[in-house]
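query01.txt (compact mmCIF, C-alpha atoms)
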```txt
# COMPACT_ATOMS: atom_id res chain seq x y z
CA MET D 269 67.77 -185.04 -154.88
CA VAL D 270 66.48 -184.04 -151.47
CA VAL D 271 62.76 -184.52 -150.86
CA LYS D 272 60.57 -183.42 -147.98
CA ILE D 273 58.40 -186.00 -146.26
CA LEU D 274 55.35 -185.70 -144.02
CA ALA D 275 54.89 -188.60 -141.62
CA PHE D 276 51.58 -189.95 -140.33
CA GLY D 277 50.52 -192.48 -137.69
CA VAL D 278 53.22 -194.81 -136.48
CA ALA D 279 55.64 -193.39 -139.10
CA LYS D 280 55.90 -190.29 -136.87
CA GLU D 281 57.20 -192.55 -134.11
CA ILE D 282 59.52 -194.41 -136.44
CA PHE D 283 61.06 -191.18 -137.80
CA ASN D 284 60.71 -189.51 -134.42
CA THR D 285 59.35 -186.44 -136.21
CA SER D 286 56.42 -185.52 -138.41
CA GLN D 287 58.53 -183.83 -141.10
CA LEU D 288 61.89 -184.80 -142.48
CA SER D 289 64.12 -184.37 -145.51
CA VAL D 290 65.60 -187.35 -147.30
CA ASP D 291 68.54 -187.33 -149.67
CA MET D 292 67.79 -189.80 -152.45
CA GLY D 293 71.19 -189.35 -154.10
CA GLY D 294 70.81 -189.57 -157.88
CA LYS D 295 67.58 -191.54 -157.68
CA SER D 296 64.04 -190.24 -158.06
CA ALA D 297 61.43 -193.04 -158.08
CA ILE D 298 59.09 -193.82 -155.17
CA GLY D 299 60.58 -197.32 -154.99
CA ASP D 300 64.02 -195.75 -154.44
CA LEU D 301 62.63 -193.41 -151.81
CA LYS D 302 61.12 -196.34 -149.92
CA GLN D 303 64.39 -198.24 -150.11
CA THR D 304 66.35 -195.24 -148.81
CA LEU D 305 63.91 -194.72 -145.94
CA GLU D 306 63.79 -198.41 -145.03
CA LEU D 307 67.59 -198.60 -144.89
CA GLN D 308 67.67 -195.63 -142.55
CA TYR D 309 64.61 -196.76 -140.56
CA PRO D 310 64.40 -200.58 -140.58
CA ARG D 311 61.17 -200.52 -138.56
CA LEU D 312 59.44 -198.91 -141.53
CA ALA D 313 60.20 -202.00 -143.63
CA SER D 314 58.87 -204.24 -140.88
CA LEU D 315 55.40 -202.64 -141.19
CA SER D 316 55.03 -204.71 -144.41
CA SER D 317 53.06 -201.96 -146.13
CA TYR D 318 52.48 -198.24 -145.91
CA MET D 319 51.05 -195.77 -148.37
CA VAL D 320 53.16 -193.16 -150.11
CA ALA D 321 51.00 -190.29 -151.32
CA VAL D 322 52.44 -187.72 -153.71
CA ASN D 323 50.43 -184.50 -153.91
CA ASN D 324 47.54 -186.33 -152.26
CA GLU D 325 47.53 -189.22 -154.70
CA TYR D 326 48.57 -192.81 -154.00
CA ALA D 327 51.95 -193.40 -155.66
CA GLY D 328 53.26 -196.79 -156.73
CA ASN D 329 56.97 -197.65 -156.77
CA GLU D 330 57.32 -196.58 -160.42
CA VAL D 331 56.22 -192.97 -159.89
CA VAL D 332 59.10 -190.55 -160.51
CA LEU D 333 59.57 -187.44 -158.38
CA VAL D 334 60.65 -184.01 -159.59
CA GLY D 335 61.56 -182.82 -156.11
CA ASN D 336 58.98 -180.18 -155.21
CA GLU D 337 56.10 -182.56 -154.47
CA GLU D 338 54.39 -182.98 -151.15
CA ILE D 339 55.17 -186.53 -150.09
CA ALA D 340 53.23 -188.24 -147.29
CA ILE D 341 54.07 -191.55 -145.64
CA ILE D 342 50.79 -192.96 -144.33
CA PRO D 343 50.88 -196.33 -142.54
CA PRO D 344 47.56 -198.02 -141.84
CA VAL D 345 45.94 -197.54 -138.42
CA SER D 346 43.89 -200.25 -136.76
CA GLY D 347 42.04 -198.75 -133.81
CA GLY D 348 38.30 -198.51 -133.41
CA MET A 87 1.38 -199.95 -143.66
CA GLN A 88 2.09 -196.27 -144.19
CA GLN A 89 5.15 -195.38 -142.14
CA ASP A 90 5.10 -192.22 -140.08
CA LEU A 91 7.70 -190.03 -141.73
CA SER A 92 7.38 -187.08 -139.32
CA ARG A 93 10.51 -188.06 -137.39
CA TYR A 94 12.47 -187.77 -140.64
CA SER A 95 10.90 -184.47 -141.72
CA CYS A 96 14.08 -182.44 -141.25
CA GLN A 97 16.04 -184.67 -143.63
CA ILE A 98 13.15 -185.14 -146.07
CA ASN A 99 12.97 -181.34 -146.33
CA LEU A 100 16.55 -181.21 -147.60
CA PRO A 101 16.93 -180.06 -151.21
CA GLY A 102 17.05 -183.19 -153.39
CA PHE A 103 16.07 -185.58 -150.59
CA GLY A 104 12.30 -186.17 -150.34
CA ALA A 105 10.17 -189.15 -149.36
CA THR A 106 11.56 -191.40 -152.13
CA THR A 107 15.07 -190.89 -150.80
CA GLN A 108 13.83 -191.78 -147.34
CA GLN A 109 12.52 -195.02 -148.85
CA LEU A 110 16.03 -195.83 -150.10
CA LEU A 111 17.23 -195.59 -146.50
CA GLN A 112 14.28 -197.67 -145.30
CA LYS A 113 15.15 -200.44 -147.79
CA ALA A 114 18.89 -200.45 -147.02
CA ARG A 115 20.60 -203.14 -144.94
CA VAL A 116 23.79 -202.05 -143.21
CA LEU A 117 26.09 -204.15 -141.03
CA ILE A 118 28.29 -202.40 -138.48
CA VAL A 119 31.17 -204.56 -137.31
CA GLY A 120 32.70 -203.42 -134.04
CA ALA A 121 30.38 -201.59 -131.62
CA GLY A 122 33.24 -199.54 -130.17
CA GLY A 123 34.48 -195.98 -130.52
CA LEU A 124 33.58 -195.85 -134.23
CA GLY A 125 30.64 -198.25 -134.26
CA CYS A 126 28.69 -196.43 -131.48
CA PRO A 127 28.34 -193.01 -133.14
CA ALA A 128 28.05 -194.54 -136.63
CA ALA A 129 25.22 -196.80 -135.46
CA GLN A 130 23.41 -193.99 -133.64
CA TYR A 131 23.25 -191.77 -136.73
CA ILE A 132 22.46 -194.61 -139.12
CA VAL A 133 19.65 -195.82 -136.87
CA ALA A 134 18.34 -192.28 -136.26
CA ALA A 135 18.29 -191.59 -140.02
CA GLY A 136 15.97 -194.53 -140.57
CA VAL A 137 18.14 -197.13 -142.33
CA GLY A 138 15.71 -200.06 -142.38
CA THR A 139 17.97 -202.90 -141.25
CA VAL A 140 21.03 -202.30 -139.09
CA GLY A 141 23.18 -205.22 -137.95
CA ILE A 142 25.55 -204.84 -134.99
CA ALA A 143 28.39 -207.35 -134.71
CA ASP A 144 30.58 -207.46 -131.60
CA TYR A 145 31.62 -210.26 -129.24
CA ASP A 146 33.29 -208.13 -126.60
CA VAL A 147 32.11 -206.94 -123.19
CA ILE A 148 32.12 -203.32 -122.08
CA SER A 149 35.18 -202.39 -120.05
CA ALA A 150 35.77 -199.25 -117.99
CA GLY A 151 38.46 -198.10 -120.43
CA ASN A 152 35.90 -198.05 -123.26
CA LEU A 153 33.59 -195.51 -121.65
CA HIS A 154 35.50 -192.34 -122.59
CA ARG A 155 34.72 -192.84 -126.30
CA GLN A 156 32.14 -195.61 -126.68
CA ILE A 157 29.13 -193.45 -126.04
CA LEU A 158 26.37 -196.06 -126.14
CA TYR A 159 27.57 -197.50 -122.82
CA LYS A 160 27.15 -196.45 -119.20
CA SER A 161 29.27 -197.02 -116.11
CA ASN A 162 26.82 -199.53 -114.66
CA GLU A 163 27.04 -201.62 -117.85
CA VAL A 164 30.73 -202.53 -117.50
CA GLY A 165 31.07 -206.28 -117.95
CA LEU A 166 27.92 -206.62 -120.11
CA LYS A 167 27.94 -207.62 -123.77
CA LYS A 168 28.39 -204.71 -126.17
CA ALA A 169 26.16 -206.23 -128.85
CA GLU A 170 23.27 -206.64 -126.40
CA ILE A 171 23.51 -203.20 -124.81
CA ALA A 172 24.06 -201.45 -128.14
CA CYS A 173 21.10 -203.18 -129.79
CA GLN A 174 18.85 -202.52 -126.80
CA SER A 175 19.68 -198.83 -126.87
CA LEU A 176 19.40 -198.54 -130.68
CA ARG A 177 15.97 -200.22 -130.69
CA GLN A 178 14.76 -197.66 -128.17
CA GLN A 179 16.28 -194.90 -130.23
CA ASN A 180 14.28 -195.91 -133.31
CA PRO A 181 11.64 -198.63 -132.87
CA GLY A 182 10.64 -198.22 -136.54
CA ILE A 183 13.66 -200.07 -137.90
CA ASN A 184 15.03 -203.59 -137.60
CA VAL A 185 18.16 -203.88 -135.43
CA VAL A 186 19.87 -207.26 -135.80
CA MET A 187 22.28 -208.46 -133.12
CA HIS A 188 25.34 -210.55 -134.05
CA ASP A 189 26.92 -211.40 -130.71
CA ILE A 190 29.88 -213.16 -132.31
CA ARG A 191 33.54 -212.72 -133.09
CA ILE A 192 33.98 -212.39 -136.87
CA THR A 193 36.26 -215.20 -138.06
CA ASP A 194 37.34 -216.74 -141.33
CA GLU A 195 34.71 -219.40 -140.69
CA ASN A 196 31.67 -217.14 -140.25
CA VAL A 197 32.42 -213.85 -142.04
CA MET A 198 30.99 -214.88 -145.42
CA GLU A 199 27.71 -216.00 -143.89
CA VAL A 200 27.34 -212.98 -141.58
CA ILE A 201 27.85 -210.25 -144.17
CA ARG A 202 26.02 -211.77 -147.14
CA ARG A 203 22.57 -210.36 -146.33
CA TYR A 204 23.76 -206.77 -146.15
CA ASP A 205 24.11 -204.08 -148.83
CA LEU A 206 26.92 -202.24 -147.05
CA VAL A 207 29.41 -203.22 -144.37
CA LEU A 208 31.01 -200.75 -141.95
CA ASP A 209 34.35 -201.66 -140.42
CA GLY A 210 34.85 -200.09 -137.00
CA THR A 211 36.95 -202.94 -135.62
CA ASP A 212 40.13 -202.60 -133.60
CA ASN A 213 42.49 -205.09 -135.24
CA PHE A 214 44.03 -205.77 -138.63
CA GLU A 215 43.07 -209.41 -138.76
CA THR A 216 39.33 -208.61 -138.74
CA ARG A 217 39.86 -205.64 -141.04
CA TYR A 218 41.46 -207.87 -143.69
CA LEU A 219 38.82 -210.56 -143.19
CA LEU A 220 36.01 -208.05 -143.75
CA ASN A 221 37.80 -206.56 -146.74
CA ASP A 222 38.40 -209.91 -148.40
CA ALA A 223 34.87 -211.17 -147.69
CA CYS A 224 33.35 -207.92 -149.02
CA VAL A 225 35.41 -208.26 -152.21
CA LEU A 226 34.34 -211.90 -152.61
CA TRP A 227 30.64 -210.99 -152.22
CA GLY A 228 30.86 -207.68 -154.07
CA ILE A 229 29.70 -205.64 -151.06
CA PRO A 230 31.09 -202.10 -150.60
CA LEU A 231 33.02 -201.60 -147.35
CA ILE A 232 33.05 -198.32 -145.45
CA GLN A 233 36.08 -198.35 -143.22
CA GLY A 234 37.08 -196.14 -140.35
CA ALA A 235 40.24 -196.46 -138.27
CA ILE A 236 41.74 -194.35 -135.51
CA TYR A 237 45.02 -194.04 -133.66
CA GLN A 238 45.87 -191.37 -131.10
CA TYR A 239 44.80 -188.15 -132.87
CA GLU A 240 44.66 -189.51 -136.43
CA GLY A 241 41.70 -191.01 -138.23
CA HIS A 242 41.22 -192.65 -141.63
CA VAL A 243 37.98 -193.12 -143.57
CA ALA A 244 37.63 -194.91 -146.89
CA ILE A 245 35.05 -196.66 -149.04
CA TRP A 246 36.50 -199.80 -150.58
CA ASN A 247 35.25 -202.16 -153.26
CA ALA A 248 32.40 -199.99 -154.58
CA PRO A 249 30.96 -200.81 -158.00
CA ASN A 250 32.09 -198.66 -160.94
CA ALA A 251 29.74 -197.88 -163.81
CA ASP A 252 31.65 -200.22 -166.17
CA GLY A 253 31.32 -203.26 -163.92
CA THR A 254 34.80 -203.00 -162.35
CA ARG A 255 35.24 -202.29 -158.62
CA SER A 256 36.98 -199.40 -156.92
CA PRO A 257 40.22 -200.21 -155.04
CA HIS A 258 39.96 -202.15 -151.78
CA TYR A 259 42.10 -202.16 -148.64
CA ARG A 260 44.70 -204.56 -150.03
CA ASP A 261 45.25 -202.41 -153.12
CA ILE A 262 46.74 -199.81 -150.79
CA PHE A 263 47.88 -201.94 -147.83
CA PRO A 264 48.45 -205.50 -149.19
CA GLN A 265 49.35 -206.84 -145.76
CA VAL A 266 50.43 -205.47 -142.41
CA ASN A 267 52.68 -206.69 -139.67
CA ALA A 268 50.21 -206.03 -136.87
CA ALA A 269 52.91 -206.34 -134.19
CA GLN A 270 54.45 -203.11 -135.51
CA VAL A 271 51.34 -200.93 -135.39
CA PRO A 272 49.95 -200.15 -131.93
CA ASN A 273 46.16 -199.89 -131.44
CA CYS A 274 44.01 -197.71 -129.16
CA THR A 275 44.65 -199.75 -126.02
CA GLU A 276 48.40 -199.30 -126.40
CA GLY A 277 48.85 -195.95 -128.13
CA GLY A 278 45.79 -194.23 -126.74
CA VAL A 279 43.03 -192.46 -128.66
CA PHE A 280 41.45 -189.02 -128.41
CA PRO A 281 37.79 -189.61 -127.51
CA THR A 282 36.15 -187.08 -129.83
CA LEU A 283 38.23 -188.38 -132.76
CA ALA A 284 36.23 -191.61 -132.50
CA GLY A 285 33.03 -189.55 -132.67
CA ILE A 286 34.24 -187.55 -135.66
CA ILE A 287 35.45 -190.55 -137.66
CA GLY A 288 32.43 -192.68 -136.69
CA SER A 289 30.13 -189.85 -137.79
CA MET A 290 32.04 -189.55 -141.07
CA MET A 291 31.46 -193.26 -141.63
CA ALA A 292 27.72 -192.71 -141.07
CA ASN A 293 27.88 -189.66 -143.35
CA GLU A 294 29.38 -191.72 -146.18
CA THR A 295 26.91 -194.54 -145.53
CA LEU A 296 23.91 -192.23 -145.92
CA LYS A 297 25.48 -190.64 -149.04
CA CYS A 298 26.13 -194.06 -150.60
CA ILE A 299 22.56 -195.21 -149.97
CA THR A 300 20.91 -191.99 -151.12
CA GLN A 301 23.43 -191.39 -153.92
CA ALA A 302 24.11 -187.89 -152.66
CA GLY A 303 27.18 -185.75 -153.27
CA GLU A 304 30.73 -186.92 -153.72
CA THR A 305 31.61 -189.96 -151.66
CA LEU A 306 35.01 -191.30 -150.60
CA ILE A 307 34.93 -194.02 -153.26
CA GLY A 308 38.46 -194.20 -154.71
CA LYS A 309 39.74 -191.95 -151.94
CA MET A 310 40.96 -192.14 -148.37
CA LEU A 311 40.44 -189.34 -145.90
CA VAL A 312 43.17 -188.72 -143.33
CA PHE A 313 42.11 -186.50 -140.45
CA ASP A 314 44.20 -184.96 -137.68
CA ALA A 315 42.18 -184.01 -134.61
CA LEU A 316 44.96 -181.79 -133.23
CA THR A 317 45.16 -179.41 -136.18
CA LEU A 318 41.73 -180.22 -137.67
CA GLN A 319 43.53 -180.69 -140.96
CA SER A 320 42.13 -183.27 -143.28
CA ARG A 321 43.48 -184.49 -146.57
CA ILE A 322 41.80 -186.65 -149.15
CA VAL A 323 44.21 -189.01 -150.89
CA LYS A 324 43.13 -190.42 -154.25
CA THR A 325 43.59 -194.17 -154.26
CA GLY A 326 42.70 -194.87 -157.91
CA THR A 327 39.56 -195.92 -159.76
CA VAL A 328 39.92 -199.66 -160.40
CA SER A 329 41.08 -202.43 -158.08
CA LYS A 330 44.01 -204.44 -159.40
CA PHE A 331 44.44 -206.74 -156.40
CA VAL A 332 42.60 -210.01 -157.01
CA ILE A 333 41.26 -211.92 -154.02
CA ASN A 334 40.45 -215.59 -154.57
CA GLY A 335 39.57 -216.66 -151.06
CA LEU A 336 39.92 -215.89 -147.39
CA ALA A 337 43.34 -216.15 -145.78
CA ALA A 338 43.35 -218.75 -143.00
CA ALA A 339 44.03 -217.12 -139.65
CA THR A 340 47.20 -217.98 -137.73
CA LYS A 341 45.95 -219.65 -134.57
CA VAL A 342 47.38 -218.42 -131.30
CA ASN A 343 47.67 -220.71 -128.30
CA THR A 344 46.45 -218.97 -125.19
CA LEU A 345 47.21 -219.69 -121.56
CA SER A 346 44.92 -218.75 -118.69
CA HIS A 347 46.15 -217.10 -115.48
CA GLU A 348 45.20 -220.32 -113.65
CA GLN A 349 47.34 -222.46 -115.97
CA LEU A 350 50.23 -220.05 -115.56
CA ARG A 351 49.97 -220.08 -111.75
CA ALA A 352 49.72 -223.88 -111.63
CA ASN A 353 52.80 -224.43 -113.74
CA GLY A 354 54.69 -221.16 -113.53
CA SER A 355 58.23 -222.50 -113.40
CA SER A 356 58.00 -224.30 -116.73
CA TYR A 357 57.33 -221.09 -118.65
CA LEU A 358 59.56 -218.22 -119.70
CA LEU A 359 57.46 -215.09 -119.18
CA VAL A 360 57.94 -212.28 -121.68
CA ASP A 361 56.33 -208.86 -121.19
CA VAL A 362 55.80 -207.49 -124.73
CA ARG A 363 54.68 -204.03 -123.59
CA GLY A 364 56.86 -200.96 -123.76
CA LYS A 365 59.67 -200.34 -121.27
CA ASP A 366 57.76 -197.66 -119.37
CA GLU A 367 54.74 -199.89 -118.98
CA HIS A 368 56.97 -202.75 -117.83
CA ASN A 369 58.74 -200.60 -115.26
CA ALA A 370 55.46 -199.24 -113.90
CA PHE A 371 53.99 -202.69 -113.24
CA ASN A 372 54.78 -206.23 -114.34
CA ILE A 373 54.30 -209.85 -113.32
CA GLY A 374 57.91 -210.81 -113.81
CA GLY A 375 59.88 -212.26 -116.69
CA ILE A 376 61.87 -210.44 -119.33
CA ASN A 377 60.74 -207.39 -121.31
CA ILE A 378 60.82 -207.40 -125.13
CA PRO A 379 58.45 -204.80 -126.64
CA VAL A 380 56.34 -206.41 -129.34
CA GLU A 381 57.85 -204.30 -132.11
CA HIS A 382 61.23 -205.89 -131.32
CA ILE A 383 59.86 -209.39 -130.81
CA ALA A 384 62.41 -210.95 -133.20
CA ALA A 385 64.92 -210.49 -130.34
CA ILE A 386 63.22 -213.44 -128.63
CA LYS A 387 65.46 -215.65 -130.79
CA GLU A 388 68.24 -215.97 -128.21
CA HIS A 389 65.77 -217.25 -125.60
CA LEU A 390 64.27 -219.97 -127.77
CA LEU A 391 67.03 -222.49 -127.10
CA GLY A 392 66.10 -222.95 -123.44
CA ASN A 393 63.71 -225.74 -122.50
CA LYS A 394 61.02 -223.43 -121.23
CA ARG A 395 57.87 -222.69 -123.16
CA ILE A 396 57.40 -219.04 -123.99
CA VAL A 397 54.43 -217.11 -122.59
CA LEU A 398 53.90 -213.57 -123.82
CA TYR A 399 51.86 -211.07 -121.87
CA CYS A 400 50.68 -207.48 -122.31
CA ALA A 401 47.86 -205.31 -120.93
CA SER A 402 44.91 -206.82 -122.81
CA GLY A 403 46.21 -209.93 -124.56
CA ARG A 404 46.21 -208.23 -127.95
CA ARG A 405 49.88 -207.36 -128.33
CA SER A 406 50.87 -210.73 -126.87
CA ALA A 407 48.68 -212.46 -129.47
CA GLU A 408 50.33 -210.48 -132.27
CA GLY A 409 53.75 -211.26 -130.81
CA ALA A 410 52.89 -214.95 -130.59
CA LYS A 411 51.82 -214.99 -134.24
CA ALA A 412 55.07 -213.30 -135.23
CA ILE A 413 57.17 -215.80 -133.25
CA LYS A 414 55.27 -218.71 -134.76
CA THR A 415 55.77 -217.34 -138.25
CA LEU A 416 59.41 -216.38 -137.75
CA PHE A 417 60.74 -219.31 -135.70
CA ASN A 418 57.94 -221.91 -135.65
CA ALA A 419 58.38 -222.03 -131.86
CA GLU A 420 55.90 -223.16 -129.19
CA VAL A 421 54.54 -219.95 -127.78
CA TYR A 422 51.51 -218.86 -125.74
CA SER A 423 49.67 -215.62 -125.19
CA LEU A 424 48.39 -214.87 -121.68
CA GLU A 425 44.63 -214.58 -122.01
CA GLY A 426 43.12 -211.22 -121.06
CA GLY A 427 46.52 -209.73 -120.25
CA ILE A 428 47.42 -208.23 -116.89
CA LYS A 429 45.24 -205.11 -116.87
CA ASP A 430 42.92 -206.57 -114.22
CA LEU A 431 45.83 -207.34 -111.88
CA GLN A 432 47.00 -203.76 -112.01
CA LYS A 433 43.86 -202.25 -110.47
```
Could you render the structure as structure tokens?
Amino acid sequence: MVVKILAFGVAKEIFNTSQLSVDMGGKSAIGDLKQTLELQYPRLASLSSYMVAVNNEYAGNEVVLVGNEEIAIIPPVSGG
Amino acid sequence: MQQDLSRYSCQINLPGFGATTQQLLQKARVLIVGAGGLGCPAAQYIVAAGVGTVGIADYDVISAGNLHRQILYKSNEVGLKKAEIACQSLRQQNPGINVVMHDIRITDENVMEVIRRYDLVLDGTDNFETRYLLNDACVLWGIPLIQGAIYQYEGHVAIWNAPNADGTRSPHYRDIFPQVNAAQVPNCTEGGVFPTLAGIIGSMMANETLKCITQAGETLIGKMLVFDALTLQSRIVKTGTVSKFVINGLAAATKVNTLSHEQLRANGSSYLLVDVRGKDEHNAFNIGGINIPVEHIAAIKEHLLGNKRIVLYCASGRRSAEGAKAIKTLFNAEVYSLEGGIKDLQK
């Protein structure tokens, strides 16, 4: 399954784009998506945590995707 | 004493507001941590609206690079304490309220004591360590936390740890971001920040503060707002209704050894200097040594076998402190952060 991702904050720099498509193979859970992304972009894993929002709702690793959702990768920002 | 409410007449005239609502504001005690890009506008609106007690916590001094977004400060105040100047200005803005100055750095040793007398805490700080400290302390005391954060053109606003009707609490920062490797996320000094974004997000923090106190409208409890100043798009992400992340105490901070410029000059040859800024910054100006950007700091490994002690430097001392923490955690090596960075040498 191929899903579309919107990137925020430092994730834009890590992916070098604000929108990308990711092939999750036969998998469909958020945990699998994170694993796929972190393999492709090791710096994402080194953030320690980032939020995955599916249709504007926080999604834990167990959430299963259908494929047409809007998926956002939102790392924390620290500036003030 | 009957308070003169005429200065608040335009908000008292709002539908559903009234003099009793103004009293709620008058009774409220709000602590603003970080009198910077977010804290300045947030404080100005909260003070203007007549919140009875407003605490301002900041240990830093005003620098020239703050002035484009930290709108309580003037050019001739560079070098002065933010807490003092902010409180002075806020007291003039509204002499009818109590402005409390906390001219201190919030640490694991003082955070519990500082925040305990407040009903609401606003986080407008510029680093993850303080953000997590405030979050954890607010959870331990049961105080709601209104958090703003900015980076380049993007801003986040959230209300964490608010009480639910059934006695549970709404999610807090660690429910969504359990921990962060601060060395991987640049802050305003490094990545830059759009000045009006600070005003927008700081004002949103004040907006949510006034709504929380007056119980007006729909607040950001259980939600996080993500705002993009370039497109003016905002999205509200639902973060759940009940916190599941239990906090039992404050995490002890990793201590960073710092080295002054004097110490470095006196004993330069015994240190291996490492510039942890980006390549472009290094090429534009540096004080020698090797260049390993902080996000790749693990590459320091091959230099640890030499007999020199490692000194990290960056522009302000912030990235080098994060890098030093990472090296300590990863390799348990003796490492120093150059205090204050090199920004003053560059001028």
### Task
Check every residue of chain D for an atom within 8 Å of chain A, counting only C-alpha atoms, and provide those that qualify as an MDAnalysis selection string.
chainID D and resid 276:278 311 314:319 321 324:326 344:348
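Pairwise distance (CA of Pro257 in chain A, CA of Asp300 in chain D) equals 24.2 Å.
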For range 341-399 of chain A versus range 405-418 of chain A, which residues have an atom no more than 7 Å away, and what is each residue's nearest atom pair and distance in Å rounded to one decimal, using all atoms listed in the file, chain-then-number order, as a tab-separated table?
```
residue	atom	partner	partner_atom	distance
A:Val342	CA	A:Lys411	CA	6.3
A:Val362	CA	A:Ser406	CA	6.3
A:Val380	CA	A:Gly409	CA	5.7
A:Ile383	CA	A:Gly409	CA	6.4
A:Leu398	CA	A:Ser406	CA	5.2
A:Tyr399	CA	A:Ser406	CA	5.1
```
Store the residues picked out above, limited to C-alpha atoms, as an mmCIF file, in the coordinates of the input.
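As a result, part.cif now contains:
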```cif
data_model
loop_
_atom_site.group_PDB
_atom_site.id
_atom_site.type_symbol
_atom_site.label_atom_id
_atom_site.label_comp_id
_atom_site.auth_asym_id
_atom_site.auth_seq_id
_atom_site.Cartn_x
_atom_site.Cartn_y
_atom_site.Cartn_z
ATOM 1 C CA VAL A 342 47.380 -218.420 -131.300
ATOM 2 C CA VAL A 362 55.800 -207.490 -124.730
ATOM 3 C CA VAL A 380 56.340 -206.410 -129.340
ATOM 4 C CA ILE A 383 59.860 -209.390 -130.810
ATOM 5 C CA LEU A 398 53.900 -213.570 -123.820
ATOM 6 C CA TYR A 399 51.860 -211.070 -121.870
#
```
### Query
Please, which residues are within 6 Å of (53.9, -188.4, -148.0) by the file's coordinates, counting only C-alpha atoms, and could they come as number ranges by chain?
D: 273-274, 320-322, 339-341
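Here CA of Gly375 in chain A is placed at a distance of 18.2 Å from CA of Arg404 in chain A.
Coordinates place CA of Ala292 in chain A at a distance of 21.5 Å from CA of Asp222 in chain A.
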### Query
Could you pull the residues within 12 Å of range 392-396 of chain A, counting only C-alpha atoms, minus those fewer than 2 positions along the same chain, as number ranges by chain?
A: 343-345, 350, 353-362, 375-376, 386-390, 398-399, 406, 409-410, 413-414, 419-424
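Minimum distance to Ile192 in chain A across A:Gly374, A:Lys160, A:Pro101, A:Tyr145 (counting all atoms listed in the file) occurs at A:Tyr145.
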